[in-house]
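Note: the block below is final19.txt and it holds compact mmCIF, C-alpha atoms and all ligand atoms.
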# COMPACT_ATOMS: atom_id res chain seq x y z
CA MET C 1 -17.73 -15.64 -2.18
CA ASP C 2 -19.11 -15.19 -5.71
CA LYS C 3 -18.25 -11.59 -6.49
CA GLY C 4 -20.72 -11.57 -9.34
CA VAL C 5 -23.62 -12.16 -6.97
CA VAL C 6 -22.62 -10.46 -3.75
CA ASN C 7 -21.17 -6.98 -3.63
CA LEU C 8 -18.36 -7.31 -1.09
CA LYS C 9 -17.15 -4.42 0.98
CA LEU C 10 -13.76 -4.79 2.63
CA PHE C 11 -12.95 -2.83 5.78
CA THR C 12 -9.97 -5.14 6.18
CA VAL C 13 -6.22 -4.45 6.49
CA GLY C 14 -5.25 -6.47 3.46
CA PRO C 15 -6.22 -7.40 0.87
CA VAL C 16 -8.24 -4.19 0.74
CA GLU C 17 -10.69 -2.73 -1.80
CA MET C 18 -8.66 -2.30 -4.99
CA TYR C 19 -9.16 0.65 -7.35
CA PRO C 20 -10.95 0.05 -10.70
CA GLU C 21 -7.80 1.18 -12.57
CA THR C 22 -5.76 -1.50 -10.78
CA LEU C 23 -8.40 -4.16 -11.38
CA LYS C 24 -8.25 -3.36 -15.08
CA VAL C 25 -4.47 -3.93 -15.12
CA ALA C 26 -5.00 -7.18 -13.19
CA SER C 27 -7.40 -8.47 -15.85
CA GLU C 28 -4.96 -8.24 -18.75
CA GLN C 29 -2.69 -10.84 -20.37
CA LEU C 30 0.76 -10.89 -18.75
CA PRO C 31 3.85 -10.07 -20.82
CA TYR C 32 7.11 -12.03 -20.88
CA PHE C 33 9.47 -10.42 -18.39
CA ARG C 34 13.09 -10.97 -19.47
CA THR C 35 12.86 -7.96 -21.71
CA ASP C 36 14.10 -4.37 -21.77
CA ASP C 37 10.51 -3.16 -21.56
CA PHE C 38 9.92 -5.02 -18.30
CA SER C 39 13.29 -3.93 -16.87
CA LYS C 40 12.29 -0.34 -17.56
CA ILE C 41 9.08 -0.80 -15.55
CA MET C 42 11.00 -2.32 -12.62
CA LEU C 43 13.49 0.56 -12.60
CA GLU C 44 10.74 3.18 -12.85
CA ASN C 45 8.86 1.53 -9.97
CA GLN C 46 12.06 1.74 -7.93
CA ILE C 47 12.48 5.45 -8.67
CA ARG C 48 8.86 6.22 -7.77
CA LEU C 49 8.87 4.13 -4.57
CA LYS C 50 12.11 5.74 -3.42
CA ARG C 51 10.55 9.17 -3.90
CA LEU C 52 7.46 8.17 -1.91
CA LEU C 53 9.64 6.70 0.85
CA GLY C 54 11.92 9.74 1.10
CA LEU C 55 14.93 7.61 0.17
CA GLN C 56 17.49 9.46 -1.90
CA ASP C 57 20.46 7.11 -1.93
CA GLY C 58 19.29 3.52 -1.81
CA CYS C 59 18.04 0.42 -3.52
CA ILE C 60 14.89 -1.72 -3.46
CA ALA C 61 14.54 -5.50 -3.64
CA THR C 62 11.20 -6.77 -4.97
CA LEU C 63 10.46 -10.21 -3.57
CA THR C 64 7.75 -12.63 -4.62
CA GLY C 65 6.04 -13.50 -1.37
CA SER C 66 3.82 -11.87 1.25
CA GLY C 67 5.14 -9.31 3.71
CA SER C 68 6.58 -11.95 6.01
CA SER C 69 8.97 -13.02 3.25
CA ALA C 70 10.45 -9.51 3.27
CA MET C 71 10.71 -9.61 7.07
CA GLU C 72 12.49 -12.96 6.76
CA SER C 73 14.87 -11.77 4.05
CA VAL C 74 15.92 -8.77 6.15
CA ILE C 75 16.63 -10.90 9.23
CA ALA C 76 18.40 -13.63 7.24
CA CYS C 77 20.52 -11.35 5.07
CA SER C 78 21.43 -8.45 7.40
CA PHE C 79 22.39 -10.05 10.70
CA ASP C 80 24.42 -12.94 12.00
CA THR C 81 25.12 -14.59 15.34
CA GLU C 82 27.41 -11.67 16.36
CA ASP C 83 24.70 -9.04 16.00
CA ARG C 84 22.35 -8.55 18.94
CA VAL C 85 19.12 -6.78 17.97
CA LEU C 86 16.32 -5.16 19.94
CA ILE C 87 12.71 -5.88 19.00
CA ILE C 88 9.60 -3.93 19.97
CA ASN C 89 7.11 -6.72 20.56
CA GLY C 90 3.65 -5.25 20.98
CA GLY C 91 1.64 -7.92 19.22
CA SER C 92 1.72 -10.73 16.70
CA PHE C 93 3.84 -8.88 14.11
CA GLY C 94 6.46 -7.95 16.70
CA GLU C 95 6.43 -11.55 17.81
CA ARG C 96 7.09 -12.59 14.21
CA PHE C 97 10.42 -10.72 14.34
CA THR C 98 11.36 -12.69 17.47
CA LYS C 99 10.49 -15.99 15.76
CA LEU C 100 12.60 -15.08 12.76
CA CYS C 101 15.56 -14.26 15.00
CA GLN C 102 15.14 -17.67 16.65
CA VAL C 103 15.09 -19.44 13.28
CA TYR C 104 18.23 -17.63 12.08
CA HIS C 105 20.02 -17.73 15.46
CA ILE C 106 20.21 -13.95 15.79
CA PRO C 107 20.59 -12.92 19.45
CA TYR C 108 17.80 -10.55 20.46
CA ASP C 109 16.08 -8.83 23.35
CA GLU C 110 12.53 -7.60 23.28
CA ILE C 111 10.50 -4.82 24.78
CA THR C 112 7.20 -6.58 25.31
CA LEU C 113 4.00 -4.59 25.61
CA SER C 114 0.73 -5.85 27.02
CA PHE C 115 -2.42 -5.18 24.99
CA ASN C 116 -3.40 -1.68 26.04
CA GLU C 117 0.11 -0.52 26.89
CA THR C 118 1.61 2.49 25.07
CA LEU C 119 5.29 2.36 24.08
CA THR C 120 6.96 5.25 25.95
CA GLU C 121 10.36 6.80 26.60
CA GLU C 122 10.51 4.83 29.90
CA HIS C 123 10.58 1.54 28.00
CA LEU C 124 13.56 2.76 25.99
CA LEU C 125 15.35 4.16 29.04
CA SER C 126 15.12 0.74 30.68
CA VAL C 127 17.47 -0.86 28.12
CA ASN C 128 21.14 -0.28 27.42
CA GLY C 129 21.15 0.60 23.73
CA ASN C 130 24.92 0.21 23.38
CA GLN C 131 24.70 -3.54 23.06
CA TYR C 132 22.47 -3.57 19.97
CA ARG C 133 23.31 -3.48 16.31
CA ALA C 134 19.76 -2.65 15.27
CA LEU C 135 16.23 -1.84 16.37
CA LEU C 136 13.47 -3.86 14.66
CA VAL C 137 9.98 -2.42 14.81
CA ASN C 138 6.60 -2.77 13.12
CA ILE C 139 5.91 0.96 13.22
CA HIS C 140 2.19 0.23 13.15
CA GLU C 141 1.58 -3.01 15.09
CA THR C 142 -1.39 -4.02 12.97
CA SER C 143 -2.61 -6.71 15.37
CA THR C 144 -3.53 -4.07 17.98
CA GLY C 145 -3.62 -0.83 15.96
CA GLN C 146 -0.89 0.93 17.97
CA LEU C 147 1.25 3.40 16.02
CA TYR C 148 4.63 3.84 17.70
CA ASP C 149 6.26 7.26 18.00
CA ILE C 150 8.63 7.30 15.03
CA GLU C 151 10.49 10.41 16.20
CA MET C 152 11.13 8.88 19.63
CA LEU C 153 12.45 5.67 18.05
CA SER C 154 14.50 7.61 15.53
CA ALA C 155 16.19 9.62 18.31
CA PHE C 156 16.82 6.40 20.28
CA THR C 157 18.53 4.66 17.35
CA LYS C 158 20.63 7.74 16.60
CA LYS C 159 21.74 8.06 20.23
CA TYR C 160 23.09 4.50 20.25
CA HIS C 161 24.16 4.31 16.58
CA MET C 162 21.78 1.44 15.93
CA TYR C 163 20.43 0.57 12.51
CA PHE C 164 16.75 1.46 12.31
CA ILE C 165 14.77 -1.33 10.62
CA VAL C 166 11.09 -0.54 10.09
CA ASP C 167 8.28 -2.81 8.98
CA ALA C 168 5.96 -0.13 7.59
CA ILE C 169 3.68 -2.58 5.80
CA SER C 170 0.43 -1.23 7.23
CA SER C 171 1.61 2.34 7.91
CA PHE C 172 3.19 3.46 4.63
CA LEU C 173 0.81 5.90 2.86
CA ALA C 174 -1.48 5.99 5.92
CA ASP C 175 0.86 7.81 8.32
CA PRO C 176 3.75 10.25 7.76
CA TYR C 177 6.91 8.38 6.75
CA HIS C 178 10.30 9.49 5.43
CA MET C 179 13.39 7.27 5.48
CA ASP C 180 16.01 10.01 5.20
CA ALA C 181 14.36 12.40 7.65
CA TYR C 182 13.92 9.73 10.36
CA GLY C 183 17.24 8.00 9.67
CA ILE C 184 15.55 4.75 8.68
CA ASP C 185 18.04 2.26 7.23
CA CYS C 186 15.65 -0.35 5.93
CA THR C 187 11.91 -0.38 5.21
CA ILE C 188 9.73 -3.44 4.68
CA LEU C 189 6.62 -3.06 2.48
CA SER C 190 4.01 -5.37 1.03
CA SER C 191 1.55 -5.11 -1.87
CA GLN C 192 -1.79 -5.83 -0.23
CA LYS C 193 -2.07 -3.07 2.38
CA ALA C 194 -2.19 0.68 1.57
CA LEU C 195 -0.82 0.09 -1.91
CA ALA C 196 -4.13 -1.76 -2.47
CA LEU C 197 -2.70 -4.37 -4.86
CA SER C 198 -3.09 -8.12 -4.97
CA PRO C 199 -1.12 -9.96 -2.29
CA GLY C 200 2.09 -11.58 -3.50
CA ILE C 201 4.96 -9.12 -3.69
CA SER C 202 6.88 -7.39 -0.94
CA MET C 203 9.63 -4.83 -1.07
CA VAL C 204 12.75 -4.15 0.98
CA ALA C 205 14.05 -0.59 0.60
CA MET C 206 17.55 0.02 1.95
CA GLN C 207 19.91 2.94 2.35
CA THR C 208 23.01 2.24 0.23
CA SER C 209 25.16 2.54 3.37
CA PHE C 210 23.10 -0.14 5.15
CA TYR C 211 23.22 -2.43 2.13
CA GLU C 212 26.98 -2.05 1.76
CA GLU C 213 27.78 -2.47 5.45
CA MET C 214 25.30 -5.13 6.53
CA VAL C 215 24.06 -7.09 3.52
CA GLU C 216 26.65 -7.12 0.75
CA PRO C 217 29.58 -8.54 2.79
CA LYS C 218 27.56 -11.48 4.18
CA ALA C 219 27.34 -15.01 2.80
CA ASP C 220 23.80 -16.00 1.81
CA LYS C 221 21.77 -18.04 4.32
CA THR C 222 18.79 -18.17 1.98
CA MET C 223 18.71 -18.51 -1.77
CA TYR C 224 15.16 -17.52 -2.74
CA LEU C 225 15.06 -14.56 -0.35
CA SER C 226 18.65 -13.39 -0.89
CA LEU C 227 18.65 -9.59 -0.80
CA LYS C 228 22.07 -9.59 -2.45
CA GLU C 229 20.84 -11.57 -5.46
CA HIS C 230 17.79 -9.32 -5.78
CA ILE C 231 19.81 -6.11 -5.58
CA LYS C 232 22.44 -7.38 -8.05
CA ASN C 233 19.72 -8.31 -10.54
CA MET C 234 17.97 -5.01 -9.93
CA GLU C 235 20.94 -3.12 -11.37
CA ARG C 236 19.47 -4.11 -14.74
CA GLY C 237 15.84 -4.00 -13.59
CA GLN C 238 15.45 -7.75 -13.18
CA THR C 239 14.79 -10.36 -10.47
CA PRO C 240 16.65 -13.67 -9.88
CA ASN C 241 13.48 -15.76 -10.45
CA THR C 242 10.16 -15.28 -12.17
CA PRO C 243 8.50 -12.42 -10.28
CA ALA C 244 4.76 -11.93 -9.80
CA VAL C 245 4.70 -10.08 -13.14
CA GLY C 246 1.05 -9.05 -12.84
CA ILE C 247 1.43 -7.45 -9.41
CA ILE C 248 4.48 -5.54 -10.59
CA LEU C 249 2.30 -4.08 -13.35
CA GLU C 250 -0.39 -3.28 -10.77
CA LEU C 251 2.32 -1.52 -8.75
CA GLN C 252 3.35 0.53 -11.78
CA GLN C 253 -0.24 1.72 -12.27
CA ARG C 254 -0.78 2.48 -8.59
CA LEU C 255 2.50 4.36 -8.12
CA MET C 256 1.64 6.59 -11.08
CA MET C 257 -1.81 7.15 -9.60
CA ILE C 258 -0.35 8.11 -6.19
CA GLU C 259 2.17 10.44 -7.81
CA ASN C 260 -0.52 12.16 -9.84
CA GLN C 261 -2.66 12.69 -6.75
CA GLY C 262 0.30 13.57 -4.53
CA ILE C 263 1.25 11.46 -1.53
CA ALA C 264 -0.06 14.11 0.89
CA VAL C 265 -3.51 13.89 -0.70
CA VAL C 266 -3.54 10.08 -0.57
CA GLN C 267 -2.52 10.17 3.07
CA LYS C 268 -5.09 12.83 3.92
CA GLU C 269 -7.87 10.75 2.34
CA ILE C 270 -6.99 7.78 4.56
CA GLN C 271 -6.76 10.05 7.59
CA ASP C 272 -10.12 11.67 6.77
CA ARG C 273 -11.79 8.24 6.71
CA ALA C 274 -10.20 7.31 10.05
CA PHE C 275 -11.25 10.60 11.69
CA TYR C 276 -14.74 10.47 10.20
CA PHE C 277 -15.28 6.92 11.47
CA ARG C 278 -13.86 7.66 14.93
CA GLU C 279 -16.11 10.70 15.26
CA LYS C 280 -19.15 8.57 14.42
CA LEU C 281 -18.00 5.91 16.90
CA SER C 282 -17.92 8.41 19.73
CA GLN C 283 -21.65 8.95 19.14
CA LEU C 284 -22.16 5.18 19.46
CA HIS C 285 -20.20 5.12 22.73
CA ILE C 286 -17.84 2.48 21.39
CA GLN C 287 -14.55 2.32 23.23
CA LEU C 288 -11.12 2.68 21.59
CA PRO C 289 -7.77 1.65 23.08
CA SER C 290 -5.83 4.45 24.81
CA PHE C 291 -2.62 4.15 22.74
CA PRO C 292 -1.84 6.29 19.64
CA LEU C 293 -3.52 4.98 16.49
CA SER C 294 -2.42 4.66 12.90
CA ASN C 295 -4.72 6.10 10.24
CA ALA C 296 -4.73 2.65 8.64
CA ILE C 297 -7.23 1.03 10.99
CA THR C 298 -9.43 1.76 13.97
CA PRO C 299 -9.40 -0.96 16.64
CA ILE C 300 -12.68 -1.07 18.56
CA LEU C 301 -13.17 -2.69 21.95
CA LEU C 302 -16.38 -4.63 22.49
CA ASN C 303 -17.99 -6.58 25.31
CA ASP C 304 -17.60 -10.19 24.29
CA ASN C 305 -19.51 -9.94 21.00
CA ALA C 306 -16.75 -9.10 18.50
CA GLU C 307 -16.90 -12.47 16.77
CA LYS C 308 -20.69 -12.38 16.59
CA ILE C 309 -20.63 -8.91 14.99
CA TYR C 310 -17.91 -9.99 12.54
CA ARG C 311 -20.03 -12.97 11.44
CA TYR C 312 -23.24 -10.95 11.21
CA LEU C 313 -21.63 -8.28 9.00
CA LYS C 314 -19.99 -10.91 6.82
CA GLU C 315 -22.84 -13.38 6.45
CA ILE C 316 -25.82 -11.04 6.26
CA HIS C 317 -24.28 -7.97 4.61
CA ALA C 318 -21.09 -9.23 2.85
CA ILE C 319 -19.16 -6.59 4.80
CA TYR C 320 -15.76 -7.66 6.05
CA VAL C 321 -14.18 -6.07 9.10
CA THR C 322 -10.96 -7.51 10.50
CA PRO C 323 -11.42 -10.03 13.33
CA SER C 324 -8.74 -10.76 15.92
CA GLY C 325 -7.22 -13.98 17.11
CA GLY C 326 -6.31 -15.39 20.49
CA THR C 327 -7.32 -13.61 23.68
CA TYR C 328 -9.02 -10.75 21.84
CA LYS C 329 -11.18 -12.83 19.55
CA ASN C 330 -14.33 -11.65 21.31
CA ARG C 331 -13.18 -8.21 22.39
CA LEU C 332 -11.47 -6.59 19.41
CA LEU C 333 -12.48 -5.75 15.86
CA ARG C 334 -10.30 -3.73 13.53
CA ILE C 335 -11.93 -1.49 10.93
CA GLY C 336 -9.74 -0.65 7.93
CA HIS C 337 -9.37 2.72 6.21
CA LEU C 338 -7.04 1.64 3.39
CA GLY C 339 -7.91 1.13 -0.26
CA ASN C 340 -10.86 2.29 -2.32
CA LEU C 341 -13.30 3.33 0.43
CA LYS C 342 -15.54 6.39 0.70
CA LEU C 343 -16.79 8.29 3.74
CA SER C 344 -20.34 7.13 2.94
CA ASP C 345 -19.19 3.51 3.35
CA TYR C 346 -18.71 4.31 7.04
CA ASP C 347 -22.26 5.67 7.34
CA GLU C 348 -23.53 2.28 6.29
CA LEU C 349 -21.12 0.41 8.56
CA CYS C 350 -21.98 2.56 11.57
CA SER C 351 -25.72 2.12 11.18
CA LEU C 352 -25.16 -1.65 11.14
CA LEU C 353 -22.86 -1.43 14.17
CA LYS C 354 -25.54 0.55 15.97
CA GLU C 355 -28.03 -2.27 15.33
CA CYS C 356 -25.57 -4.79 16.78
CA ILE C 357 -24.85 -2.82 19.94
C1 LIG C 401 0.31 -7.53 7.01
C2 LIG C 401 1.55 -7.30 7.78
C3 LIG C 401 2.69 -8.09 7.58
C4 LIG C 401 2.78 -9.17 6.55
O1 LIG C 401 1.94 -10.21 6.69
P1 LIG C 401 1.80 -11.22 5.47
O2 LIG C 401 0.57 -11.97 5.82
O3 LIG C 401 3.00 -12.04 5.42
O4 LIG C 401 1.65 -10.35 4.24
C5 LIG C 401 3.82 -7.81 8.30
N1 LIG C 401 3.85 -6.81 9.19
C6 LIG C 401 2.78 -6.02 9.41
C7 LIG C 401 2.90 -4.91 10.41
C8 LIG C 401 1.60 -6.26 8.72
O5 LIG C 401 0.54 -5.46 8.93

Once more with this new file: its structure as C-alpha cells, please.
Ligand SMILES: *Cc1c(COP(=O)(O)O)cnc(C)c1O
Amino acid sequence: MDKGVVNLKLFTVGPVEMYPETLKVASEQLPYFRTDDFSKIMLENQIRLKRLLGLQDGCIATLTGSGSSAMESVIACSFDTEDRVLIINGGSFGERFTKLCQVYHIPYDEITLSFNETLTEEHLLSVNGNQYRALLVNIHETSTGQLYDIEMLSAFTKKYHMYFIVDAISSFLADPYHMDAYGIDCTILSSQKALALSPGISMVAMQTSFYEEMVEPKADKTMYLSLKEHIKNMERGQTPNTPAVGIILELQQRLMMIENQGIAVVQKEIQDRAFYFREKLSQLHIQLPSFPLSNAITPILLNDNAEKIYRYLKEIHAIYVTPSGGTYKNRLLRIGHLGNLKLSDYDELCSLLKECI
C-alpha cells in the first residue's frame, strides 16, 4: 500500500487514477470556507456542473458523504408515504434504492433483473405506470456493467408523467447524458468515479420545478442530508455544515479541466479506452455479458478464477481491477476505463490477463 514503493495502477470504478493537476490541488493547505472567496468557488462549480449536465434551470446540493448519501437524501427529502415509486433493480445499486425506500417507508415496486438479463420495453409494458410518482434508476448499474436505455426510460416517464430520478454516478462523463433533453428531474453524482476526485462529496442536481414541487414543501426527515437546507445555503454559495473543502477545490480544478478539453473529448477518451480494451479481449476469447455496456467499465466473465486473477494482479503487479461480491465473486471482474488511464495501460493489462488464462 506504500505508494512511494509500489506504483499502483487502478482499473477500478472508484476511486480511480487521479490526474496530476488534481493531486497537486489535493496536496495544498486548505482555506477557511465561510468566506466570499469560497462561496464564489461553490457558485462557479454549480454553473459549470449544470452546463455539463445539460441543466438550464436548476440547482445543485453538494453533500459531504459518498454517493449513497446523495441517494439517501433524494429518497428522504423528495418522497413520503403517499408517493409510490418504481425502481429498476438490476444489481446491488438498484437494491440500495429499495433498501432506502424501506428505511424511509416509501411504497415501491421493482423491476428485478437477473444477472445477464437486458432491461427491455417488455419489462416496462408489464407495469402500470399510472400508479407511480417517480422512476428511480441507476442508469449504469455498476455492479454488473449494464447501461440502461436512457431514451426508452425517458419516453416511459414522460408517457406516465413520472419524475425521472437518475443515479448517474458511474455513467456521467462516460456515456451521453443531458438532463433537459431526456427530461431528467434529478441526477445523483459522486466525486470518486468519472470526476476522478477523492471520495467524500456527492451532488444532487435538480430541475427547479422538481425542487419546488417535491422537495421544498416537505418537512425534513433528515437534518444532515436535508436537500432543502443545502439548497437554501447554496443561494449564497455555502453549505449548512463544514464541507469537504479540499474535494470542492479538486472539483473546481477538474471542472475547469473538463471544460477546457470539452465534454465530448473527455467522453470520447473514455469510450476509446473501452473500445480498445474490448477489441483486445475478443482476441483473448474472453466472454462479455450480452447486455448493453457503459463506457465506464468492461465486465468480463471468467470460469471460476476471477478472484484468483484479481489477487494475482494486485499482489504481484500492484494492478487493481474491480472484483465482484456474492454469487459472481469467482465469475466476474470489472475493468475500469475512468480516470487518468492510457491505451497503453490496457496493453500491459491484457498481456497479464493472457498469462492468467
Ligand atoms: C459508486 C456508486 C454509488 C455510490 O457508492 P458509494 O460507495 O456510496 O460512493 C452509487 N450508485 C452507483 C451506480 C455507483 O456506481

Just how far from atom CA of C:Ala174 is atom CA of C:Gln267, in Å to one decimal? 5.2 Å

Within 9 Å of ligand LIG 401 (chain C) (only C-alpha atoms and all ligand atoms), residues as a count of residues only: 36

Compare C:Leu281, C:Leu352, C:Ile60, C:Ile248 by their minimum atom-to-atom distance to C:Leu30, counting all atoms listed in the file, and give me the closest one.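 For C:Leu30, the nearest of the candidates is C:Ile248.
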
Could you produce a table of the residues of stretch 61-124 of chain C lying within 10 Å of stretch 210-229 of chain C, with the nearest pair of atoms per residue and their separation in Å rounded to one decimal, using all atoms listed in the file, ordered by chain and increasing residue number, as a Markdown table?
| residue | atom | partner | partner_atom | distance |
| --- | --- | --- | --- | --- |
| C:Ala61 | CA | C:Leu227 | CA | 6.5 |
| C:Thr62 | CA | C:Leu227 | CA | 9.0 |
| C:Leu63 | CA | C:Leu225 | CA | 7.1 |
| C:Thr64 | CA | C:Leu225 | CA | 8.7 |
| C:Gly65 | CA | C:Leu225 | CA | 9.1 |
| C:Ser69 | CA | C:Leu225 | CA | 7.2 |
| C:Ala70 | CA | C:Leu225 | CA | 7.7 |
| C:Met71 | CA | C:Leu225 | CA | 9.9 |
| C:Glu72 | CA | C:Leu225 | CA | 7.7 |
| C:Ser73 | CA | C:Leu225 | CA | 5.2 |
| C:Val74 | CA | C:Leu227 | CA | 7.5 |
| C:Ala76 | CA | C:Lys221 | CA | 6.3 |
| C:Cys77 | CA | C:Val215 | CA | 5.8 |
| C:Ser78 | CA | C:Val215 | CA | 4.9 |
| C:Phe79 | CA | C:Met214 | CA | 7.1 |
| C:Asp80 | CA | C:Lys218 | CA | 8.6 |
| C:Tyr104 | CA | C:Lys221 | CA | 8.5 |

Atom CA of C:Ile357 to atom CA of C:Thr327, distance in Å rounded to a single decimal: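 Atom CA of C:Ile357 sits 20.9 Å away from atom CA of C:Thr327.
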
Go ahead and compute the interatomic distance for atom CA of C:Tyr148 and atom CA of C:Thr118, in Å to one decimal.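 For atom CA of C:Tyr148 relative to atom CA of C:Thr118, the distance reads 8.1 Å.
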
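Nearest residue to C:Thr98 among C:Thr112, C:Asn295, C:Gln271, C:Thr322 is C:Thr112, counting only C-alpha atoms.
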
Find, counting all atoms listed in the file, the residue in C:Ser209, C:Ser294, C:Ser39, C:Gln146 that gets nearest to C:Asp175. C:Ser294

Tell me which protein, DNA and RNA residues are within 12 Å of C:Gly325, counting all atoms listed in the file, leaving out same-chain ones fewer than 6 positions away, and put them as an MDAnalysis selection string. chainID C and resid 91:92 143:144 306:307 331:334

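Residues with any atom within 12 Å of C:Phe275, counting only C-alpha atoms and excluding same-chain neighbours fewer than 4 positions away, are Lys268, Glu269, Ile270, Gln271, Glu279, Lys280, Leu281, Ser282, Leu293, Ser294, Asn295, Ala296, Ile297, Thr298, Gly336, His337, Leu343 and Tyr346 of chain C.
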
From the set C:Val85, C:Ile41, C:Met152, C:Leu147, which residue has the shortest atom-to-atom contact distance to C:Pro299, counting all atoms listed in the file? C:Leu147

Leaving out C:Leu124 and any residue of its chain fewer than 6 positions from it, which residues lie within 10 Å of it when counting all atoms listed in the file, given as a ChimeraX atom specification? /C:88,111,152-153,156

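Residues within 8 Å of C:Leu43, counting only C-alpha atoms and excluding same-chain residues fewer than 5 positions away, are Met234, Arg236 and Gly237 of chain C.
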
Can you tell me which residues surround C:Lys24 at a distance of at most 12 Å, considering all atoms listed in the file, apart from same-chain residues fewer than 6 positions away, and format the answer as an MDAnalysis selection string? chainID C and resid 18 197 246:247 249:250 253:254

Counting all atoms listed in the file, closest pick from C:Ala264, C:Cys356, C:Ala274, C:Ala134 relative to C:Ile335 is C:Ala274

Using all atoms listed in the file - which residues lie no farther than 7 Å from the point (9.9, -8.8, -14.6) in the file's frame? Write them as a count of residues only. 10

Nearest to C:Asn128 by atom-to-atom distance, counting all atoms listed in the file, from C:Arg278, C:Lys159, C:Lys342, C:Lys329: C:Lys159
